[in-house]
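Peer 1: Please read through the structure below; I'll follow up with questions.
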Amino acid sequence: MICQPRSANDALSQPGIRALLLLVTLVSLYFLYGSLYFYRDPLSIFFSEEHGFDKFYSATRQFEADQFLDSAIASSAQWQLGKANADPQICAVFITVWRDMVGRQYIDTALGSFLANMSRAERETVHLKLFFADVPNPDTQHKSYTKLATADIVDEVFTYNSTLPSQQKESKIHELTLFAKDRQNKHALERKTVYDYAYALDRCLQTTDAPYIAILEGDILLADGWAARTLRNLQIIEEMMKDPRRHDPKKGEIEPGVPNTWLYLRLFNQERSYGWSGGPGFKSNNVHIISVAVAIPLLLILLLARRQLPRHLGRHLDGWTLLVVCGVAVPLLIWLFYASGKAALIGAPPGVHEEWFGCCNQALVYNREHAKGLANYMMTASRRESPGRSDMLPKQFAWDHGLARISAYPMLAQHAGRVSAIDTSNDEAKRVWSMAFEDFKPNKLARDHVRDVRDLFGDEAAEQMRRQGPISYV
């Protein structure tokens with residue numbers, strides 16, 4: 001007897017073949033969808049090196065920021081926007097050093113984004129400082145120093161030369177200069193950056209009574225309405241800390257809902273910090289274990305269903321179909337769930353949350369209650385040969401003192417720097433990036449901004465803001 005090969009129709013009549021084709025079709029469509037919508041998540045298998053860091057809202061905000069700063073400097077707009085009152089809520093410091101780059105220094109755009117579209121009521125609550133941390137002579141080293149120092153749009157411009165006590169000025173600037181020049185020793189540069197950070201923090205403590213201190217890197221962008229939204233988030237934090245179930249801080253006890261005091265509010269985070277604990281491998285995140293835990297009960301359910309169904313329906317659940325569903329589809333779909341990226345699939349829920357993870361110190365708002373202790377802690381660290389990094393020391397301080405660390409989503413700051421001040425490669429610098437920041441819609445931000453100003457300062461402040469127009473200097 002001669003066996004005839006099966007035709008395509010015969011093959012398609014097999015339930016297992018149809019199930020496999022259906023699975024391939026669905027997975028193919030999912031891969032197409034993922035390549036279109038998940039390509040900006042750096043922890044996703046769909047991430048695109050070419051387009052993952054494309055600018056969307058950043059491009060709009062950078063234009064607003066640059067336009068504001070240029071017009072403010074040209075027209076002396078300080079009298080329209082005003083400055084901080086005698087009792088500010090936030091003391092904010094931009095730390096900046098010159099960077100070897102063509103065009104604007106990052107600090108120009110960062111400062112513009114801080115002020116653009118800000119209402120006068122917001123400006124009165126925020127004391128703004130610029131710290132030019134170049135040594136020995138920032139007035140000649142930093143290309144933006146003269147322009148920004150004479151613009152009269154900030155509350156204080158300071159340098160080491162202008163603020164160090166006379167008896168230690170020469171020796172300290174000499175020491176910091178040596179650290180800055182020693183590019184072969186990464187710990188030397190770390191000692192300077194840690195000292196810079198502590199010095200900026202301490203400057204706010206010495207010159208204002210603001211209950212909150214924001215330390216901002218000079219290469220960020222702040223979203224429209226950042227100040228009002230941050231003030232509202234700070235109110236939420238203070239209410240959170242009043243929960244009677246919380247207790248006084250203890251070392252290492254930083255689980256959400258435990259400490260009754262906090263160290264900082266994070267305004268920037270990157271998706272690389274907000275992902276699943278494992279990588280994209282099949283055994284990462286225990287995908288193989290989860291697959292077995294799902295497949296076995298599902299197989300039992302399908303076997304039971306096959307017995308209960310009429311024969312003409314039950315025959316579609318033959319052995320090959322069950323193998324495709326439980327042995328192929330289940331582990332594949334569970335793996336795809338994790339490999340697609342947590343930020344892309346789920347994202348961070350909006351609101352104020354306690355989190356002990358997060359990257360970098362581009363934009364942190366500190367609780368004054370613990371700021372002096374942190375400044376002293378970092379000053380001490382800067383005297384060690386290996387001081388640690390300025391973004392890790394606050395985390396360690398929070399752990400040692402049992403202090404909560406808070407994040408507010410959506411994040412209100414973006415890291416725009418590509419040319420690093422601390423010799424980080426351009427490729428690594430661009431990866432310190434918030435995908436979610438690029439999803440902001442300018443019109444919605446503007447509406448939310450007016451609403452937040454009204455809630456914080458009243459109808460008159462919101463109406464005055466409307467009269468200012470889309471850009472604060474108009």
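Chains: A, B, ... in order of the structure tokens. Residues: from 1 per chain. Ligands: from 1, in order shown.
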Would you pick out the contacts of Asn367 in chain A at 7 Å or less, using only C-alpha atoms, so that residues sharing its chain but fewer than 2 positions from it are not included, and give the list as a PDB file with all heavy atoms, in the first residue's frame?

Peer 2:
ATOM      1  N   PRO A 211      11.013  75.050  54.075  1.00  0.00           N
ATOM      2  CA  PRO A 211      10.879  73.686  54.612  1.00  0.00           C
ATOM      3  C   PRO A 211      11.303  72.590  53.639  1.00  0.00           C
ATOM      4  O   PRO A 211      11.487  71.446  54.045  1.00  0.00           O
ATOM      5  CB  PRO A 211       9.387  73.577  54.929  1.00  0.00           C
ATOM      6  CG  PRO A 211       8.729  74.585  54.048  1.00  0.00           C
ATOM      7  CD  PRO A 211       9.701  75.707  53.894  1.00  0.00           C
ATOM      8  N   TYR A 212      11.471  72.954  52.355  1.00  0.00           N
ATOM      9  CA  TYR A 212      11.873  71.968  51.360  1.00  0.00           C
ATOM     10  C   TYR A 212      13.024  72.533  50.526  1.00  0.00           C
ATOM     11  O   TYR A 212      13.047  73.719  50.209  1.00  0.00           O
ATOM     12  CB  TYR A 212      10.708  71.603  50.443  1.00  0.00           C
ATOM     13  CG  TYR A 212       9.461  71.214  51.199  1.00  0.00           C
ATOM     14  CD1 TYR A 212       8.353  72.054  51.233  1.00  0.00           C
ATOM     15  CD2 TYR A 212       9.397  70.014  51.898  1.00  0.00           C
ATOM     16  CE1 TYR A 212       7.213  71.716  51.943  1.00  0.00           C
ATOM     17  CE2 TYR A 212       8.261  69.656  52.610  1.00  0.00           C
ATOM     18  CZ  TYR A 212       7.176  70.515  52.629  1.00  0.00           C
ATOM     19  OH  TYR A 212       6.055  70.163  53.336  1.00  0.00           O
ATOM     20  N   ILE A 213      13.954  71.655  50.170  1.00  0.00           N
ATOM     21  CA  ILE A 213      15.146  72.075  49.414  1.00  0.00           C
ATOM     22  C   ILE A 213      15.276  71.179  48.187  1.00  0.00           C
ATOM     23  O   ILE A 213      15.398  69.962  48.313  1.00  0.00           O
ATOM     24  CB  ILE A 213      16.406  71.977  50.281  1.00  0.00           C
ATOM     25  CG1 ILE A 213      16.284  72.908  51.494  1.00  0.00           C
ATOM     26  CG2 ILE A 213      17.649  72.333  49.469  1.00  0.00           C
ATOM     27  CD1 ILE A 213      17.382  72.740  52.519  1.00  0.00           C
ATOM     28  N   TRP A 262      10.396  61.495  56.171  1.00  0.00           N
ATOM     29  CA  TRP A 262      10.916  61.173  54.841  1.00  0.00           C
ATOM     30  C   TRP A 262      12.128  62.043  54.531  1.00  0.00           C
ATOM     31  O   TRP A 262      12.319  63.100  55.124  1.00  0.00           O
ATOM     32  CB  TRP A 262       9.838  61.376  53.782  1.00  0.00           C
ATOM     33  CG  TRP A 262       9.259  62.776  53.775  1.00  0.00           C
ATOM     34  CD1 TRP A 262       8.361  63.304  54.657  1.00  0.00           C
ATOM     35  CD2 TRP A 262       9.585  63.825  52.855  1.00  0.00           C
ATOM     36  NE1 TRP A 262       8.096  64.620  54.343  1.00  0.00           N
ATOM     37  CE2 TRP A 262       8.821  64.962  53.239  1.00  0.00           C
ATOM     38  CE3 TRP A 262      10.416  63.918  51.755  1.00  0.00           C
ATOM     39  CZ2 TRP A 262       8.893  66.173  52.554  1.00  0.00           C
ATOM     40  CZ3 TRP A 262      10.487  65.121  51.054  1.00  0.00           C
ATOM     41  CH2 TRP A 262       9.723  66.225  51.463  1.00  0.00           C
ATOM     42  N   LEU A 263      12.929  61.565  53.568  1.00  0.00           N
ATOM     43  CA  LEU A 263      14.130  62.311  53.196  1.00  0.00           C
ATOM     44  C   LEU A 263      13.929  63.118  51.924  1.00  0.00           C
ATOM     45  O   LEU A 263      14.199  64.316  51.912  1.00  0.00           O
ATOM     46  CB  LEU A 263      15.313  61.354  52.991  1.00  0.00           C
ATOM     47  CG  LEU A 263      16.635  62.026  52.587  1.00  0.00           C
ATOM     48  CD1 LEU A 263      17.087  63.031  53.647  1.00  0.00           C
ATOM     49  CD2 LEU A 263      17.717  60.997  52.302  1.00  0.00           C
ATOM     50  N   TYR A 264      13.465  62.470  50.843  1.00  0.00           N
ATOM     51  CA  TYR A 264      13.350  63.234  49.598  1.00  0.00           C
ATOM     52  C   TYR A 264      12.162  62.778  48.757  1.00  0.00           C
ATOM     53  O   TYR A 264      11.651  61.665  48.889  1.00  0.00           O
ATOM     54  CB  TYR A 264      14.635  63.170  48.771  1.00  0.00           C
ATOM     55  CG  TYR A 264      15.083  61.810  48.301  1.00  0.00           C
ATOM     56  CD1 TYR A 264      14.367  61.066  47.362  1.00  0.00           C
ATOM     57  CD2 TYR A 264      16.290  61.265  48.756  1.00  0.00           C
ATOM     58  CE1 TYR A 264      14.803  59.841  46.917  1.00  0.00           C
ATOM     59  CE2 TYR A 264      16.737  60.033  48.308  1.00  0.00           C
ATOM     60  CZ  TYR A 264      15.985  59.326  47.389  1.00  0.00           C
ATOM     61  OH  TYR A 264      16.425  58.099  46.944  1.00  0.00           O
ATOM     62  N   VAL A 365      13.773  66.702  45.841  1.00  0.00           N
ATOM     63  CA  VAL A 365      13.316  67.715  46.791  1.00  0.00           C
ATOM     64  C   VAL A 365      13.449  67.128  48.189  1.00  0.00           C
ATOM     65  O   VAL A 365      12.821  66.109  48.507  1.00  0.00           O
ATOM     66  CB  VAL A 365      11.855  68.130  46.529  1.00  0.00           C
ATOM     67  CG1 VAL A 365      11.430  69.220  47.516  1.00  0.00           C
ATOM     68  CG2 VAL A 365      11.689  68.623  45.086  1.00  0.00           C
ATOM     69  N   GLU A 369      14.029  68.906  57.489  1.00  0.00           N
ATOM     70  CA  GLU A 369      14.268  68.287  58.796  1.00  0.00           C
ATOM     71  C   GLU A 369      15.525  67.420  58.797  1.00  0.00           C
ATOM     72  O   GLU A 369      16.215  67.319  59.807  1.00  0.00           O
ATOM     73  CB  GLU A 369      13.045  67.458  59.186  1.00  0.00           C
ATOM     74  CG  GLU A 369      13.166  66.766  60.527  1.00  0.00           C
ATOM     75  CD  GLU A 369      11.955  65.911  60.861  1.00  0.00           C
ATOM     76  OE1 GLU A 369      10.958  65.975  60.109  1.00  0.00           O
ATOM     77  OE2 GLU A 369      12.016  65.172  61.869  1.00  0.00           O
ATOM     78  N   HIS A 370      15.830  66.817  57.642  1.00  0.00           N
ATOM     79  CA  HIS A 370      16.977  65.907  57.571  1.00  0.00           C
ATOM     80  C   HIS A 370      18.074  66.420  56.648  1.00  0.00           C
ATOM     81  O   HIS A 370      19.082  65.725  56.444  1.00  0.00           O
ATOM     82  CB  HIS A 370      16.512  64.529  57.098  1.00  0.00           C
ATOM     83  CG  HIS A 370      15.387  63.966  57.908  1.00  0.00           C
ATOM     84  ND1 HIS A 370      15.538  63.580  59.216  1.00  0.00           N
ATOM     85  CD2 HIS A 370      14.072  63.766  57.603  1.00  0.00           C
ATOM     86  CE1 HIS A 370      14.383  63.140  59.691  1.00  0.00           C
ATOM     87  NE2 HIS A 370      13.482  63.241  58.732  1.00  0.00           N
ATOM     88  N   ALA A 371      17.890  67.611  56.086  1.00  0.00           N
ATOM     89  CA  ALA A 371      18.854  68.115  55.103  1.00  0.00           C
ATOM     90  C   ALA A 371      20.206  68.431  55.726  1.00  0.00           C
ATOM     91  O   ALA A 371      21.254  68.173  55.119  1.00  0.00           O
ATOM     92  CB  ALA A 371      18.286  69.364  54.422  1.00  0.00           C
TER      93      ALA A 371
END

Peer 1: List as a ChimeraX atom specification the protein and nucleic acid residues near Cys204 in chain A, meaning an atom at most 9 Å away when only C-alpha atoms are counted, but skip any in the same chain fewer than 6 places from it.

Peer 2: /A:91-93,127,129,210,213

Peer 1: Filtering to all heavy atoms, could you give me those residues as a compact mmCIF listing (two decimals), in the first residue's frame?

Peer 2:
# COMPACT_ATOMS: atom_id res chain seq x y z
N CYS A 91 13.45 76.04 48.53
CA CYS A 91 14.70 76.64 48.09
C CYS A 91 15.28 75.69 47.05
O CYS A 91 15.57 74.53 47.36
CB CYS A 91 15.67 76.82 49.25
SG CYS A 91 17.30 77.45 48.74
N ALA A 92 15.40 76.16 45.82
CA ALA A 92 15.87 75.32 44.71
C ALA A 92 17.24 75.80 44.25
O ALA A 92 17.45 76.99 44.04
CB ALA A 92 14.87 75.36 43.56
N VAL A 93 18.16 74.85 44.07
CA VAL A 93 19.52 75.16 43.62
C VAL A 93 19.84 74.35 42.38
O VAL A 93 19.74 73.12 42.39
CB VAL A 93 20.57 74.83 44.70
CG1 VAL A 93 21.95 75.33 44.26
CG2 VAL A 93 20.21 75.44 46.04
N HIS A 127 12.42 79.98 46.15
CA HIS A 127 13.67 80.74 46.16
C HIS A 127 14.66 80.01 45.25
O HIS A 127 15.00 78.85 45.50
CB HIS A 127 14.21 80.84 47.58
CG HIS A 127 15.49 81.61 47.70
ND1 HIS A 127 15.54 82.93 48.10
CD2 HIS A 127 16.78 81.25 47.46
CE1 HIS A 127 16.80 83.33 48.10
NE2 HIS A 127 17.57 82.33 47.72
N LYS A 129 18.29 79.53 43.27
CA LYS A 129 19.72 79.81 43.30
C LYS A 129 20.41 79.13 42.11
O LYS A 129 19.98 78.05 41.68
CB LYS A 129 20.36 79.31 44.59
CG LYS A 129 19.84 79.97 45.87
CD LYS A 129 20.53 79.35 47.08
CE LYS A 129 20.01 79.91 48.39
NZ LYS A 129 20.39 81.32 48.59
N ALA A 210 13.24 77.81 54.15
CA ALA A 210 12.30 77.01 53.37
C ALA A 210 12.22 75.59 53.92
O ALA A 210 13.25 74.97 54.19
CB ALA A 210 12.73 76.97 51.90
N ILE A 213 13.95 71.66 50.17
CA ILE A 213 15.15 72.08 49.41
C ILE A 213 15.28 71.18 48.19
O ILE A 213 15.40 69.96 48.31
CB ILE A 213 16.41 71.98 50.28
CG1 ILE A 213 16.28 72.91 51.49
CG2 ILE A 213 17.65 72.33 49.47
CD1 ILE A 213 17.38 72.74 52.52

Peer 1: Nearest to Arg431 in chain A: which of A:Cys359, A:Ile290, A:Ala398, A:Leu29 is it, counting only C-alpha atoms?

Peer 2: A:Cys359

Peer 1: Just give me the gap between CA of Glu124 in chain A and CA of Ala149 in chain A in Å, one decimal is fine.

Peer 2: 19.7 Å

Peer 1: Could you give me the residues within range 16-219 of chain A that DSSP places in helix (DSSP H, G or I), as a ChimeraX atom specification?

Peer 2: /A:16-37,57-75,78-81,106-115,120-125,138-141,145-149,160-163,166-181,186-207

Peer 1: Can you tell me which residues surround Ser58 in chain A at a distance of at most 8 Å, considering only C-alpha atoms, apart from same-chain residues fewer than 2 positions away, and format the answer as a list of chain:residue names?

Peer 2: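 What passes the distance filter is A:Lys55, A:Phe56, A:Thr60, A:Arg61, A:Gln62, A:Leu221, A:Gln414, A:Phe437, A:Glu438.
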
Peer 1: For range 269-365 of chain A against range 237-244 of chain A, with a cut-off of 12 Å and counting only C-alpha atoms, what is the closest atom pair and its distance in Å to one decimal for every residue that makes the cut, ordered by chain and number, as CSV?

Peer 2:
residue,atom,partner,partner_atom,distance
A:Gly351,CA,A:Ile237,CA,10.6
A:Val352,CA,A:Ile237,CA,7.4
A:His353,CA,A:Ile237,CA,8.8
A:Glu354,CA,A:Ile237,CA,9.4
A:Val365,CA,A:Ile237,CA,11.8

Peer 1: Filtering to C-alpha atoms, could you give me those residues as an mmCIF file, in the first residue's frame?

Peer 2:
data_model
loop_
_atom_site.group_PDB
_atom_site.id
_atom_site.type_symbol
_atom_site.label_atom_id
_atom_site.label_comp_id
_atom_site.auth_asym_id
_atom_site.auth_seq_id
_atom_site.Cartn_x
_atom_site.Cartn_y
_atom_site.Cartn_z
ATOM 1 C CA GLY A 351 0.282 59.565 42.355
ATOM 2 C CA VAL A 352 2.673 59.800 45.281
ATOM 3 C CA HIS A 353 4.312 56.530 46.326
ATOM 4 C CA GLU A 354 7.035 55.369 48.694
ATOM 5 C CA VAL A 365 13.316 67.715 46.791
#

Peer 1: Using only C-alpha atoms, which residues sit within 10 Å of Gly252 in chain A once same-chain residues fewer than 5 positions away are excluded, as a list in words?

Peer 2: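 Skipping anything fewer than 5 positions along the chain leaves Gln396, Ala398, Trp399, Asp400, His401, Gly402 and Leu403 of chain A.
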
Peer 1: Write out, as a PDB file, in the first residue's frame, the residues just selected, with C-alpha atoms.

Peer 2:
ATOM      1  CA  GLN A 396      22.419  55.168  52.074  1.00  0.00           C
ATOM      2  CA  ALA A 398      17.920  57.241  54.180  1.00  0.00           C
ATOM      3  CA  TRP A 399      18.583  53.560  54.917  1.00  0.00           C
ATOM      4  CA  ASP A 400      20.836  54.277  57.884  1.00  0.00           C
ATOM      5  CA  HIS A 401      18.264  56.638  59.415  1.00  0.00           C
ATOM      6  CA  GLY A 402      15.096  54.753  58.469  1.00  0.00           C
ATOM      7  CA  LEU A 403      13.696  57.557  56.287  1.00  0.00           C
TER       8      LEU A 403
END

Peer 1: For each of A:Met101, A:Leu148, A:Met435, A:Ile107, take the minimum atom-to-atom distance to Ser273 in chain A, counting only C-alpha atoms, then give the residue where this is smallest.

Peer 2: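 Looking at the shortest contact to Ser273 in chain A, the residue is A:Met435.
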
Peer 1: Which residues are close to Tyr197 in chain A, i.e. within 9 Å by only C-alpha atoms, leaving aside same-chain residues fewer than 2 positions away? Reply as a VMD selection string.

Peer 2: chain A and resid 95 192 to 195 199 to 202 215 375 378 to 379 390

Peer 1: Go ahead and save the picked residues with C-alpha atoms, as a PDB file, in the first residue's frame.

Peer 2:
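Output file selection28.pdb follows:
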ATOM      1  CA  ILE A  95      24.344  72.968  40.256  1.00  0.00           C
ATOM      2  CA  LYS A 192      34.325  67.098  44.190  1.00  0.00           C
ATOM      3  CA  THR A 193      30.809  66.211  42.999  1.00  0.00           C
ATOM      4  CA  VAL A 194      29.859  64.976  46.478  1.00  0.00           C
ATOM      5  CA  TYR A 195      31.213  68.164  48.029  1.00  0.00           C
ATOM      6  CA  TYR A 199      27.616  72.615  49.612  1.00  0.00           C
ATOM      7  CA  ALA A 200      24.504  73.453  47.570  1.00  0.00           C
ATOM      8  CA  LEU A 201      22.288  71.784  50.159  1.00  0.00           C
ATOM      9  CA  ASP A 202      23.987  73.645  52.984  1.00  0.00           C
ATOM     10  CA  ILE A 215      18.776  70.136  44.367  1.00  0.00           C
ATOM     11  CA  ALA A 375      24.820  67.697  54.119  1.00  0.00           C
ATOM     12  CA  MET A 378      28.152  64.021  52.432  1.00  0.00           C
ATOM     13  CA  MET A 379      30.751  66.556  53.552  1.00  0.00           C
ATOM     14  CA  SER A 390      26.478  61.765  45.035  1.00  0.00           C
TER      15      SER A 390
END

Peer 1: Using only C-alpha atoms for the distances, tell me which of A:Leu364, A:Val258, A:Ala295, A:Leu20 is nearest to Lys395 in chain A.

Peer 2: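 Closest candidate: A:Leu364.
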
Peer 1: Would you mind reading off the distance between CA of Asn443 in chain A and CA of Gly218 in chain A, one decimal, in Å?

Peer 2: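 Spanning CA of Asn443 in chain A to CA of Gly218 in chain A is a straight-line distance of 26.0 Å.
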
Peer 1: Quote the spacing between CA of Asp87 in chain A and CA of Ile153 in chain A in Å to one decimal place.

Peer 2: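 Atom-to-atom, CA of Asp87 in chain A and CA of Ile153 in chain A are spaced 18.0 Å apart.
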
Peer 1: For His415 in chain A, which residue out of A:Ala110, A:Ala133, A:Leu81, A:Ile173 is the nearest one, using only C-alpha atoms?

Peer 2: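 Going through A:Ala110, A:Ala133, A:Leu81, A:Ile173 one by one, the smallest distance to His415 in chain A is for A:Ala110.
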
Peer 1: Between A:Asp452, A:Thr125, A:Gly16, A:Leu336, which one has atoms that come closest to Ala86 in chain A, using only C-alpha atoms?

Peer 2: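 For Ala86 in chain A, the nearest of the given residues is A:Thr125.
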
Peer 1: Per DSSP on the backbone, filter range 60-278 of chain A down to the residues in strand (DSSP E) and report them as a ChimeraX atom specification.

Peer 2: /A:90-96,126-132,156-159,212-217,220-222,262-266

Peer 1: Go through A:Pro442, A:Pro42, A:Pro331, A:Gly458 and flag the residue nearest Ile289 in chain A, using only C-alpha atoms for the distances.

Peer 2: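 Nearest candidate to Ile289 in chain A out of A:Pro442, A:Pro42, A:Pro331, A:Gly458: A:Pro331.
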
Peer 1: Applying 9 Å and only C-alpha atoms, which residues near range 325-328 of chain A remain after dropping the ones on its own chain fewer than 4 positions away? List them as a short mmCIF file (atom, residue, chain, number, x, y, z; two decimals) with all heavy atoms, in the first residue's frame.

Peer 2:
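Saved file part_12.cif follows:
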data_model
loop_
_atom_site.label_atom_id
_atom_site.label_comp_id
_atom_site.auth_asym_id
_atom_site.auth_seq_id
_atom_site.Cartn_x
_atom_site.Cartn_y
_atom_site.Cartn_z
N ALA A 19 -4.52 25.23 15.92
CA ALA A 19 -4.16 25.94 17.15
C ALA A 19 -2.77 26.55 17.03
O ALA A 19 -2.53 27.70 17.46
CB ALA A 19 -4.21 24.99 18.34
N LEU A 20 -1.86 25.81 16.42
CA LEU A 20 -0.50 26.33 16.25
C LEU A 20 -0.49 27.54 15.31
O LEU A 20 0.18 28.54 15.56
CB LEU A 20 0.41 25.23 15.71
CG LEU A 20 1.89 25.59 15.54
CD1 LEU A 20 2.49 26.01 16.89
CD2 LEU A 20 2.66 24.44 14.94
N LEU A 23 -1.84 30.54 17.08
CA LEU A 23 -0.85 31.07 18.01
C LEU A 23 0.20 31.88 17.26
O LEU A 23 0.56 33.00 17.69
CB LEU A 23 -0.19 29.93 18.79
CG LEU A 23 0.94 30.34 19.75
CD1 LEU A 23 0.41 31.26 20.84
CD2 LEU A 23 1.58 29.09 20.36
N SER A 291 5.14 29.24 34.43
CA SER A 291 4.53 28.53 33.30
C SER A 291 3.99 27.17 33.74
O SER A 291 2.87 26.78 33.37
CB SER A 291 5.55 28.36 32.19
OG SER A 291 5.98 29.62 31.69
N VAL A 292 4.77 26.45 34.51
CA VAL A 292 4.31 25.15 35.01
C VAL A 292 3.11 25.32 35.92
O VAL A 292 2.13 24.55 35.84
CB VAL A 292 5.46 24.43 35.75
CG1 VAL A 292 4.94 23.16 36.44
CG2 VAL A 292 6.59 24.08 34.78
N VAL A 294 0.87 27.55 35.84
CA VAL A 294 -0.32 27.90 35.08
C VAL A 294 -0.75 26.75 34.17
O VAL A 294 -1.94 26.44 34.05
CB VAL A 294 -0.08 29.18 34.24
CG1 VAL A 294 -1.26 29.44 33.30
CG2 VAL A 294 0.15 30.38 35.15
N ALA A 295 0.23 26.10 33.53
CA ALA A 295 -0.08 25.09 32.52
C ALA A 295 -0.76 23.85 33.11
O ALA A 295 -1.70 23.31 32.50
CB ALA A 295 1.19 24.69 31.78
N ILE A 296 -0.33 23.39 34.27
CA ILE A 296 -0.89 22.16 34.85
C ILE A 296 -2.37 22.34 35.21
O ILE A 296 -3.21 21.52 34.79
CB ILE A 296 -0.06 21.69 36.05
CG1 ILE A 296 1.31 21.20 35.57
CG2 ILE A 296 -0.78 20.59 36.82
CD1 ILE A 296 2.25 20.80 36.69
N LEU A 298 -4.43 24.52 33.99
CA LEU A 298 -5.14 24.76 32.74
C LEU A 298 -5.36 23.45 31.99
O LEU A 298 -6.44 23.21 31.41
CB LEU A 298 -4.35 25.75 31.86
CG LEU A 298 -4.97 26.08 30.50
CD1 LEU A 298 -6.35 26.70 30.67
CD2 LEU A 298 -4.05 27.01 29.72
N LEU A 299 -4.34 22.58 31.98
CA LEU A 299 -4.47 21.28 31.32
C LEU A 299 -5.59 20.46 31.97
O LEU A 299 -6.41 19.84 31.27
CB LEU A 299 -3.14 20.53 31.41
CG LEU A 299 -3.14 19.10 30.83
CD1 LEU A 299 -3.49 19.11 29.36
CD2 LEU A 299 -1.79 18.43 31.08
N TRP A 320 -2.67 17.04 20.54
CA TRP A 320 -1.79 18.04 19.94
C TRP A 320 -2.24 19.46 20.30
O TRP A 320 -1.41 20.35 20.55
CB TRP A 320 -1.76 17.87 18.43
CG TRP A 320 -1.04 16.63 18.00
CD1 TRP A 320 -1.59 15.49 17.48
CD2 TRP A 320 0.36 16.40 18.10
NE1 TRP A 320 -0.63 14.55 17.24
CE2 TRP A 320 0.60 15.08 17.61
CE3 TRP A 320 1.44 17.15 18.56
CZ2 TRP A 320 1.87 14.52 17.55
CZ3 TRP A 320 2.71 16.58 18.49
CH2 TRP A 320 2.92 15.29 18.01
N THR A 321 -3.55 19.69 20.34
CA THR A 321 -4.06 21.02 20.72
C THR A 321 -3.68 21.35 22.16
O THR A 321 -3.24 22.48 22.46
CB THR A 321 -5.59 21.07 20.57
OG1 THR A 321 -5.94 20.76 19.22
CG2 THR A 321 -6.12 22.45 20.93
N LEU A 332 5.11 30.74 26.34
CA LEU A 332 5.47 31.81 25.40
C LEU A 332 4.79 33.13 25.79
O LEU A 332 5.44 34.19 25.81
CB LEU A 332 5.06 31.41 23.98
CG LEU A 332 5.32 32.46 22.88
CD1 LEU A 332 6.81 32.81 22.82
CD2 LEU A 332 4.81 31.96 21.54
N LEU A 333 3.52 33.08 26.12
CA LEU A 333 2.80 34.30 26.47
C LEU A 333 3.27 34.88 27.80
O LEU A 333 3.35 36.10 27.97
CB LEU A 333 1.29 34.03 26.50
CG LEU A 333 0.66 33.66 25.14
CD1 LEU A 333 -0.82 33.37 25.30
CD2 LEU A 333 0.90 34.75 24.11
#

Peer 1: Report as a tab-separated table (two decimals) with all heavy atoms, in the first residue's frame all protein, DNA and RNA residues lying within 9 Å of Ser144 in chain A, evaluated on only C-alpha atoms, omitting residues in the same chain fewer than 5 positions from it.

Peer 2:
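result.tsv was written with the following content:
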chain	number	residue	atom	x	y	z
A	98	TRP	N	30.76	74.08	33.55
A	98	TRP	CA	30.89	74.21	32.10
A	98	TRP	C	31.06	72.84	31.45
A	98	TRP	O	31.70	71.95	31.98
A	98	TRP	CB	32.10	75.08	31.78
A	98	TRP	CG	32.41	75.14	30.31
A	98	TRP	CD1	31.83	75.94	29.39
A	98	TRP	CD2	33.38	74.34	29.62
A	98	TRP	NE1	32.36	75.71	28.14
A	98	TRP	CE2	33.32	74.73	28.24
A	98	TRP	CE3	34.28	73.36	29.99
A	98	TRP	CZ2	34.14	74.17	27.27
A	98	TRP	CZ3	35.09	72.78	29.02
A	98	TRP	CH2	35.02	73.19	27.68
A	104	ARG	N	24.25	76.28	23.13
A	104	ARG	CA	23.87	76.62	24.50
A	104	ARG	C	24.44	75.64	25.50
A	104	ARG	O	24.51	74.43	25.24
A	104	ARG	CB	22.34	76.59	24.66
A	104	ARG	CG	21.57	77.67	23.94
A	104	ARG	CD	20.08	77.45	24.21
A	104	ARG	NE	19.26	78.38	23.46
A	104	ARG	CZ	18.87	79.56	23.91
A	104	ARG	NH1	19.23	79.95	25.12
A	104	ARG	NH2	18.12	80.34	23.18
A	105	GLN	N	24.78	76.15	26.65
A	105	GLN	CA	25.05	75.27	27.79
A	105	GLN	C	23.71	74.74	28.30
A	105	GLN	O	22.67	75.41	28.22
A	105	GLN	CB	25.77	76.05	28.89
A	105	GLN	CG	27.20	76.43	28.54
A	105	GLN	CD	28.15	75.24	28.59
A	105	GLN	OE1	28.36	74.63	29.62
A	105	GLN	NE2	28.72	74.92	27.43
A	107	ILE	N	22.54	74.49	31.18
A	107	ILE	CA	21.94	75.24	32.26
A	107	ILE	C	21.00	76.31	31.73
A	107	ILE	O	20.01	76.67	32.39
A	107	ILE	CB	23.02	75.87	33.19
A	107	ILE	CG1	22.39	76.54	34.41
A	107	ILE	CG2	23.90	76.83	32.42
A	107	ILE	CD1	21.57	75.62	35.29
A	108	ASP	N	21.26	76.86	30.55
A	108	ASP	CA	20.37	77.88	29.98
A	108	ASP	C	18.96	77.31	29.79
A	108	ASP	O	17.97	77.92	30.21
A	108	ASP	CB	20.91	78.35	28.63
A	108	ASP	CG	22.26	79.02	28.72
A	108	ASP	OD1	22.81	79.10	29.84
A	108	ASP	OD2	22.77	79.47	27.68
A	139	ASP	N	33.69	82.55	36.54
A	139	ASP	CA	33.31	83.68	35.69
A	139	ASP	C	34.00	83.63	34.33
A	139	ASP	O	33.48	84.15	33.34
A	139	ASP	CB	33.61	85.01	36.39
A	139	ASP	CG	35.02	85.10	36.92
A	139	ASP	OD1	35.62	84.04	37.16
A	139	ASP	OD2	35.52	86.22	37.08
A	149	ALA	N	24.39	85.52	35.47
A	149	ALA	CA	24.65	86.26	36.71
A	149	ALA	C	24.13	87.69	36.63
A	149	ALA	O	23.79	88.29	37.66
A	149	ALA	CB	26.14	86.27	37.01
